[in-house]
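Colleague: Handing you a structure now.
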Amino acid sequence: MRYFSILQTGWMQASKNMDIHKNRIILTIGRQFGSGGREIGKKLAKAFGIGYYDSELITVAAQESGLCKEVFEKADERAANGLSYAFTMGYPYVGTYMPYNDILSNDELFRIQSDAIRNLAEKEACVMVGRCADYILRDNPDCISFFIHNRTDVRVKRIVESMHISEEEAKTLMEKKDKGRADYYNYYTNKVWGASASYDLSINVSVLGIDSTVAFMKGFVEQKYK
């Protein structure tokens with residue numbers, strides 16, 4: 001009985017610690033296309049009862065800057081080629097923010113988006129997927145960065161089932177998306193996209209599956225705040 005009492009006390013203390021730190025949990029997730037990273041991010045956010053941001057980060061950046069969402073969508077995880085040059089002109093603006101000569105470079109858009117991500121991390125606990133959030137929040141002591149990868153055959157199957165395309169189309173799309181994400185990440189961070197050294201924890205989902213991977217990641221986070 002004493003053993004179970006000790007276990008219960010330990011569990012209650014861990015839960016208390018998580019309650020204390022819950023408002024400070026910031027989790028970032030990088031992921032291969034089709035790996036299940038988005039699904040994992042949503043389930044992890046639900047498990048902790050915190051916010052989830054993926055494409056929603058574009059909405060936040062647009063609202064804070066006064067720029068039209070279309071500006072950010074056009075620049076969303078583009079390849080590094082030409083990133084330092086202006087690429088938008090004449091897009092509609094929904095606020096008072098007006099870039100010089102109506103031209104906004106990808107680098108400036110990245111700066112605006114980075115400010116939005118940092119501001120969001122200060123306001124609430126959340127899970128952020130993609131957009132170099134791990135690098136942008138690298139100096140935030142409460143941030144834990146993950147990278148999700150998966151077996152190629154599993155990824156292809158997921159893409160085929162979710163997008164209703166052929167295996168060949170899925171493979172082509174997978175390679176294109178991964179290259180775009182890698183070029184974007186490598187350009188802005190001077191790190192290597194997908195390399196384990198670039199993140200706190202890199203996980204192969206095919207080992208445990210989606211739900212068990214979420215449980216594993218949740219335990220990892222809880223250990224940090226133990």
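By order of appearance in the structure tokens: chains A, B, ..., then residues from 1 within every chain, and ligands from 1 in the order shown.
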Give me, as a PyMOL selection string, all polymer residues having an atom no more than 8 Å from segment 170-175 of chain A, counting only C-alpha atoms and skipping those fewer than 6 positions away in the same chain.
Modeller: chain A and resi 33-34+156+159-160
Colleague: Could you produce a table of the residues of segment 39-73 of chain A lying within 6 Å of segment 112-131 of chain A, with the nearest pair of atoms per residue and their separation in Å rounded to one decimal, using only C-alpha atoms, ordered by chain and increasing residue number, as CSV?
Modeller:
residue,atom,partner,partner_atom,distance
A:Ala45,CA,A:Val127,CA,5.9
A:Ile50,CA,A:Cys126,CA,5.1
A:Gly51,CA,A:Cys126,CA,4.4
A:Tyr52,CA,A:Val127,CA,4.8
A:Tyr53,CA,A:Met128,CA,4.9
A:Asp54,CA,A:Val129,CA,4.9
A:Ala61,CA,A:Ala116,CA,5.2
Colleague: Among segment 35-208 of chain A, which ones does DSSP place in alpha helix (DSSP H), written as number ranges by chain?
Modeller: A: 37-48, 56-65, 69-75, 106-123, 133-136, 152-163, 167-189, 205-208
Colleague: Interatomic distance between atom CA of Tyr225 of chain A and atom CA of Phe146 of chain A?
Modeller: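 Interatomic distance here is 16.5 Å.
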Colleague: Calculate how many Å separate atom CA of Ile58 of chain A from atom CA of Pro141 of chain A, rounding to one decimal.
Modeller: 24.0 Å
Colleague: Go through A:Thr152, A:Ser105, A:Ser162, A:Ser55 one by one, measure the shortest atom-to-atom distance of each to Ser206 of chain A using only C-alpha atoms, and give the residue with the smallest value.
Modeller: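 That would be A:Thr152, the residue with the smallest distance to Ser206 of chain A.
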